[in-house]
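Peer 1: Provided herewith is a single structure, encoded as structure tokens, for subsequent inquiry.
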Amino acid sequence: MPGLRSTRRGTQVLDQAPTEDLARRAAAGDSAALDRLLTEIRPEVVRRCGRFLPCREDAEEAAQDVLLQVARHIARFEGRSRFSTWLYTVVANCCRQKYRELKRRAAEQPAAIEPSYAVDPRTTSVIAGSRVDLLEALDRLERTHPHLVAPLVYRDICQLDYAEVAERVGIPLGTLKSRLHEARKQVRPWLTSG
């Protein structure tokens with residue numbers, strides 16, 4: 001598939017050159033480039049959303065939101081950083097918004113009469129639970145230390161390299177590493193308790 005390449009481990013990642021070119025052309029108003037860009041990034045977007053949201057349906061919904069945001073706001077991509085960095089910001093924001101929406105919906109629903117029918121895959125899987133715990137921890141961190149959220153999301157979830165994160169957040173590398181250390185220290189007890 002154009003736009004993707006395989007790594008030695010057999011995973012696929014965005015091939016930067018064609019994707020970057022498509023993004024620049026789409027940002028300049030080329031609708032054919034935008035259509036092709038959206039098609040090419042979709043599998044990666046779904047995979048990235050799956051890192052945040054444990055339920056596949058939720059990840060796919062968030063991915064649709066990401067693609068819609070990319071289509072609506074591609075003109076904001078100025079090319080100063082890599083498109084993948086800009087895209088991961090959109091992914092992180094859409095996934096966190098989807099999580100908040102799911103959490104709000106769950107809080108508004110009345111308690112189920114029959115608990116066996118209320119089984120939710122978001123809370124029954126050990127793997128899923130750890131991701132939900134992470135999203136909850138990110139929400140807590142945002143309430144207490146909002147400046148620590150972006151570095152943690154970009155580095156530990158989106159797995160951008162340190163230089164990209166520092167550039168994206170707009171802080172020196174040393175400050176980034178300090179904030180990451182502090183963010184991890186804050187989040188760790190929330191992930192291991194309960």
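Convention: chains lettered A, B, ... in structure tokens order; per-chain residue numbering from 1; ligands numbered from 1 as shown.
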Find the spatial neighbours of Ala62 in chain A, counting only C-alpha atoms, within a cut-off of 6 Å - ignore same-chain residues fewer than 2 positions away - and output them as a PyMOL selection string.

Peer 2: chain A and resi 59-60+64-65+94-95

Peer 1: May I ask which of the residues A:Ser31, A:Leu138, A:Pro43, A:Gln159 is the closest one to Tyr88 in chain A, counting only C-alpha atoms?

Peer 2: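 Closest to Tyr88 in chain A of all the choices is A:Gln159.
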
Peer 1: Quick check, in Å to one decimal: how far apart do CA of Asp58 in chain A and CA of Glu40 in chain A lie?

Peer 2: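 Value for the CA of Asp58 in chain A-CA of Glu40 in chain A distance: 20.4 Å.
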
Peer 1: As a list in words, please: the residues near range 168-183 of chain A (cut-off 10 Å, only C-alpha atoms, same-chain neighbours under 3 positions excluded).

Peer 2: Arg80, Ser81, Arg82, Thr85, Trp86, Thr89, Leu138, Leu141, His145, Pro146, His147, Leu148, Val149, Ala150, Pro151, Leu152, Val153, Tyr154, Arg155, Asp156, Leu160, Tyr162, Ala163, Glu164, Val165, Gln186, Val187 and Arg188 of chain A

Peer 1: Take CA of Glu101 in chain A and CA of Leu68 in chain A and report the distance between them in Å, one decimal.

Peer 2: 17.1 Å

Peer 1: I'd like to know which of A:Ser84, A:Glu20, A:Ile74, A:Ala26 is closest to Asp161 in chain A, using only C-alpha atoms.

Peer 2: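 Nearest to Asp161 in chain A: A:Ser84.
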
Peer 1: In Å, how far is it from CA of Asp133 in chain A to CA of Val66 in chain A?

Peer 2: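 Distance reported for this atom pair: 22.2 Å.
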
Peer 1: Taking only C-alpha atoms into account, which of A:Arg96, A:Arg140, A:Arg184, A:Arg76 comes nearest Arg24 in chain A?

Peer 2: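 Between A:Arg96, A:Arg140, A:Arg184, A:Arg76, the residue approaching Arg24 in chain A most closely is A:Arg76.
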
Peer 1: Looking only at the backbone, which of the residues in range 42-164 of chain A does DSSP tag as alpha helix (DSSP H), as a PyMOL selection string?

Peer 2: chain A and resi 42-52+56-73+83-108+121-124+126-144+149-152+162-164
